[in-house]
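A.B. asks: My questions all concern the structure below.
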Amino acid sequence: MPLFPLNDERKAVLAAGITVFFWASAFVSIRSAGRHYEAGALALGRIAVAAALLLAIWAIRREGLPPREAWPRIALGGLLWFSCYMVALNQGERHVDAGTAAMLVNVGPALTVLLAGWLLKEGFTRNVLLGLGISFLGAVLVGVATGGTDGSASWSGVALCLVAALCYALGMVVQKPALRQASALQVTAFSCLVGALACAPFAGQLWDQARQAPLSATANLVYLGVFPTALGFMTWSYALSRTEAAKLGVTTYIVPLIVILLSWALLGETPGFLAVLGGALCLVGVAYSRSRRFAPTAGKSPSPAPSPTEPACSDSTRCTSSPAD
């Protein structure tokens, strides 16, 4: 008999912990591989690896093609999430450290609630607007803190990380209706394939840089595709099927802390005090936007927003998740 028997709740916690670690490690791997791969080439390599693995799992499970009505949202979600988001984040991390990028991208959940309330008519609370204001104040503080002697580059990095958060939020909102028409694996695998096709113009760049990059950089690229993207999706779905989405959503708040620790241990990089303070404001804003202190300003009461790495719905058979970051 095992010393610590794993019931469903403990298995869910273990799976969520594995997922959170994968997603946190993605920021560090992007920062490391980005020294040898341009943003577009790194995105294409990562998405191609993830798409190949997810499509192989899809073929083994024989789930079939998504229904025709789901394809437009799968395609648009793939462009936003698996293409624009990853390219913007990869480029942003060329100018800011991994921990700072992780804190900035965590603005995504608040943006998702705001966009879902507006575009999907789900309604949103005044807390969302106040939380977003707090988060963007934190982002400004991060930009000031990371300015240094190359302020323009740091500000562009901050802006690109916020663009990545916006692409994440738009991608989640676009894909949410598709998750009522197709399975999580179908939506994620084919969105990933669309993202790879969208990044196909970077194929020549990827080929040239792969021949020159050290093995460690290419290993980071493959790691990004296999673990944070493909396996991270599966472990999160497993966890979500055994506990409440709201409980799991809280676990992703520790992603920036893990990123900072990994970045310090593996890359020798840490954000400055003001950057950490600004990042903390970003997270406080997101947490505040998810609270329900006020009634919705429009429509029905919203469900909690997904984190930048959390699935966009609470049904384990109809949810997708982010790869990264």
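Just so we're on the same page: first chain in the structure tokens is A, next is B, and so on; residues restart at 1 for each chain, and ligands are numbered from 1 in the order they show up.
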What lies within 10 Å of range 49-64 of chain A using only C-alpha atoms, ignoring chain neighbours under 3 positions off, as number ranges by chain?

C.D. replies: A: 44-46, 67, 182-183, 185-186, 188-196, 221-231, 233-234, 323

A.B. asks: Using Å and a single decimal, report how far CA of Phe82 in chain A sits from CA of Asp208 in chain A.

C.D. replies: 22.1 Å

A.B. asks: Would you mind reading off the distance between CA of Met86 in chain A and CA of Thr218 in chain A, one decimal, in Å?

C.D. replies: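 If I compute the distance from CA of Met86 in chain A to CA of Thr218 in chain A, I get 16.7 Å.
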
A.B. asks: Quick one, how far is CA of Phe21 in chain A from CA of Asn127 in chain A?

C.D. replies: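 Atom-to-atom, CA of Phe21 in chain A and CA of Asn127 in chain A are spaced 29.1 Å apart.
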